[in-house]
Amino acid sequence: MDEMRNNAPKLSEIKKENPFGTPDQYFDDFSARLHTRMAAEAQSSAPQKSRIFQLLKPALGLAASFAVVVMLVYVPLRLFMPKEINQVAQTSDTSDAGFLNIIEKIDEESFVALLNDTESEDEFTNDELALYVSANFSDYELYENLTNK
Amino acid sequence: MPDNDQHIIADLKDENKRNLAFHMLVKTYQERLYWHIRKIVLNHDDADDVLQNTFMKVWRNIDTFREESSLFTWLYRIATNESITFLNSKKRKSLLPLNEESEYLLENLASDPYFEGDKIQLKLQEAIVRLPEKQRLVFNMKYFDEMKYDDMAEILDTSVGALKASYHHAVKKVEEFLKNND
């Protein structure tokens with residue numbers, strides 16, 4: 001105290017008292033007001049969740065009905081149709097792929113030769129033709145064909 | 001730690017007794033914390049807001065309370081931090097430059113119908129609000145509340161030596177202001 005009087009004489013002259021006041025019965029009511037505020041904050045934080053749900057409700061309803069429609073259309077299709085569709089797709093895929101594979105495997109010269117061979121097969125010599133006719137037709141059949149004309 | 005505090009802490013950890021224990025805690029500490037806050041923010045309405053914020057924070061953070069510090073220092077630390085946060089947010093909202101915080105506080109004090117001090121008390125408050133924040137806290141806690149340096153060190157998370165130095169500087173500045181504005 002003496003130290004204060006020596007170091008700060010002006011300050012030590014001032015009576016050490018609380019210059020602040022409060023409204024009447026402030027401390028008696030404080031606890032009740034605090035609990036009211038706490039209850040209000042607890043309540044306001046709870047409905048926030050339901051408010052978010054309320055906002056999302058139409059979108060959620062739309063999404064749910066879309067899911068139901070998809071289930072009603074897609075699931076039966078998936079159950080009854082897929083085998084045939086898949087088989088057709090697979091067959092065409094396989095035949096195309098196989099044909100392409102064969103073509104790719106043949107080199108250009110062989111391919112031309114093959115084409116030429118095919119053309120030559122259509123041309124018969126007279127001897128071959130006579131042999132074919134005598135082997136497959138009787139004399140009577142040949143006579144009948146000639147007289148019908 | 002006082003027996004009453006130990007009782008409150010034990011009951012706060014018990015789910016069934018928590019509400020009643022919190023009510024006890026509020027009743028026990030509301031006045032001491034209010035005066036501590038009031039000396040920082042000066043205005044009654046602001047002090048009331050900050051005191052409510054303080055207890056709300058205490059309620060939300062009861063589980064984080066470690067018994068390494070006393071209940072009293074834990075509550076004072078929360079109240080001090082809430083007061084500083086409150087003043088900083090006011091400063092941001094009113095776009096006040098840093099050095100004009102004291103002007104804002106003085107206006108706040110002058111407009112407060114619950115300031116009951118005389119002219120000399122007003123002048124003392126004027127001197128105190130012009131101190132840097134840390135010195136202001138230390139001066140209020142030591143000069144008015146006569147708090148022990150050890151407790152202050154725990155509340156403000158500062159060494160006892162630094163607190164003594166802060167108080168010494170604060171007293172010199174207040175004395176200087178009183179002399180110059182006589």
# chains A, B, ... in the order shown; residues from 1 in each chain; ligands from 1

$ residues_around --residues "segment 110-126 of chain B" --least-positions-apart "5" --cutoff "6 Å" --atoms "only C-alpha atoms" --output "list in words"
Pro19, Phe20, Gly21 and Thr22 of chain A; Asn43 of chain B

$ write_last_selection --atoms "C-alpha atoms" --output "compact mmCIF listing (two decimals), in the first residue's frame"
# COMPACT_ATOMS: atom_id res chain seq x y z
CA PRO A 19 -18.39 2.38 -10.02
CA PHE A 20 -20.68 0.08 -11.95
CA GLY A 21 -24.28 -0.79 -11.20
CA THR A 22 -26.85 -3.26 -12.53
CA ASN B 43 -21.42 -1.36 -20.63

$ interface_residues --of "chain A" --to "chain B" --cutoff "10 Å" --atoms "only C-alpha atoms" --output "VMD selection string"
chain A and resid 4 7 to 12 14 to 23 26 to 28 30 to 35 37 to 38 41

$ write_last_selection --atoms "C-alpha atoms" --output "JSON list (two decimals), in the first residue's frame"
[["chain", "number", "residue", "atom", "x", "y", "z"],
["A", 4, "MET", "CA", 1.47, 2.35, -4.22],
["A", 7, "ASN", "CA", 4.77, 5.21, -6.90],
["A", 8, "ALA", "CA", 1.26, 6.42, -7.75],
["A", 9, "PRO", "CA", 0.09, 9.10, -5.30],
["A", 10, "LYS", "CA", -2.79, 10.27, -7.49],
["A", 11, "LEU", "CA", -4.11, 6.74, -7.98],
["A", 12, "SER", "CA", -3.85, 5.92, -4.28],
["A", 14, "ILE", "CA", -8.93, 7.49, -5.38],
["A", 15, "LYS", "CA", -11.25, 5.42, -3.23],
["A", 16, "LYS", "CA", -11.17, 1.84, -4.47],
["A", 17, "GLU", "CA", -14.83, 1.14, -5.17],
["A", 18, "ASN", "CA", -16.95, -0.41, -7.86],
["A", 19, "PRO", "CA", -18.39, 2.38, -10.02],
["A", 20, "PHE", "CA", -20.68, 0.08, -11.95],
["A", 21, "GLY", "CA", -24.28, -0.79, -11.20],
["A", 22, "THR", "CA", -26.85, -3.26, -12.53],
["A", 23, "PRO", "CA", -30.65, -3.19, -12.99],
["A", 26, "TYR", "CA", -30.42, -8.56, -12.25],
["A", 27, "PHE", "CA", -28.62, -11.48, -10.61],
["A", 28, "ASP", "CA", -31.88, -13.01, -9.32],
["A", 30, "PHE", "CA", -30.10, -14.01, -14.72],
["A", 31, "SER", "CA", -30.27, -17.78, -14.32],
["A", 32, "ALA", "CA", -33.88, -17.94, -15.59],
["A", 33, "ARG", "CA", -33.04, -15.74, -18.61],
["A", 34, "LEU", "CA", -30.02, -17.88, -19.40],
["A", 35, "HIS", "CA", -32.10, -21.05, -19.32],
["A", 37, "ARG", "CA", -32.02, -18.55, -24.10],
["A", 38, "MET", "CA", -30.49, -22.02, -23.91],
["A", 41, "GLU", "CA", -31.26, -22.09, -29.02]]

$ closest_residue --among "B:Lys90, B:His169, B:Arg136, B:Lys142" --to "Asp46 of chain B" --atoms "only C-alpha atoms"
B:Lys90

$ select_by_dssp --residues "chain B" --states "alpha helix (DSSP H)" --output "JSON, numbers by chain"
{"B": [3, 4, 5, 6, 7, 8, 9, 10, 11, 12, 18, 19, 20, 21, 22, 23, 24, 25, 26, 27, 28, 29, 30, 31, 32, 33, 34, 35, 36, 37, 38, 39, 40, 41, 44, 45, 46, 47, 48, 49, 50, 51, 52, 53, 54, 55, 56, 57, 58, 59, 60, 71, 72, 73, 74, 75, 76, 77, 78, 79, 80, 81, 82, 83, 84, 85, 86, 87, 88, 89, 90, 91, 92, 93, 101, 102, 103, 104, 105, 106, 107, 108, 109, 110, 119, 120, 121, 122, 123, 124, 125, 126, 127, 128, 129, 133, 134, 135, 136, 137, 138, 139, 149, 150, 151, 152, 153, 154, 155, 156, 160, 161, 162, 163, 164, 165, 166, 167, 168, 169, 170, 171, 172, 173, 174, 175, 176, 177, 178, 179, 180]}

$ closest_residue --among "B:Ala21, B:Glu101, B:Asp3, B:Thr73" --to "Lys148 of chain B" --atoms "only C-alpha atoms"
B:Thr73

$ atom_distance --atom1 "atom CA of Val41 of chain B" --atom2 "atom CA of Ala39 of chain A"
26.1 Å
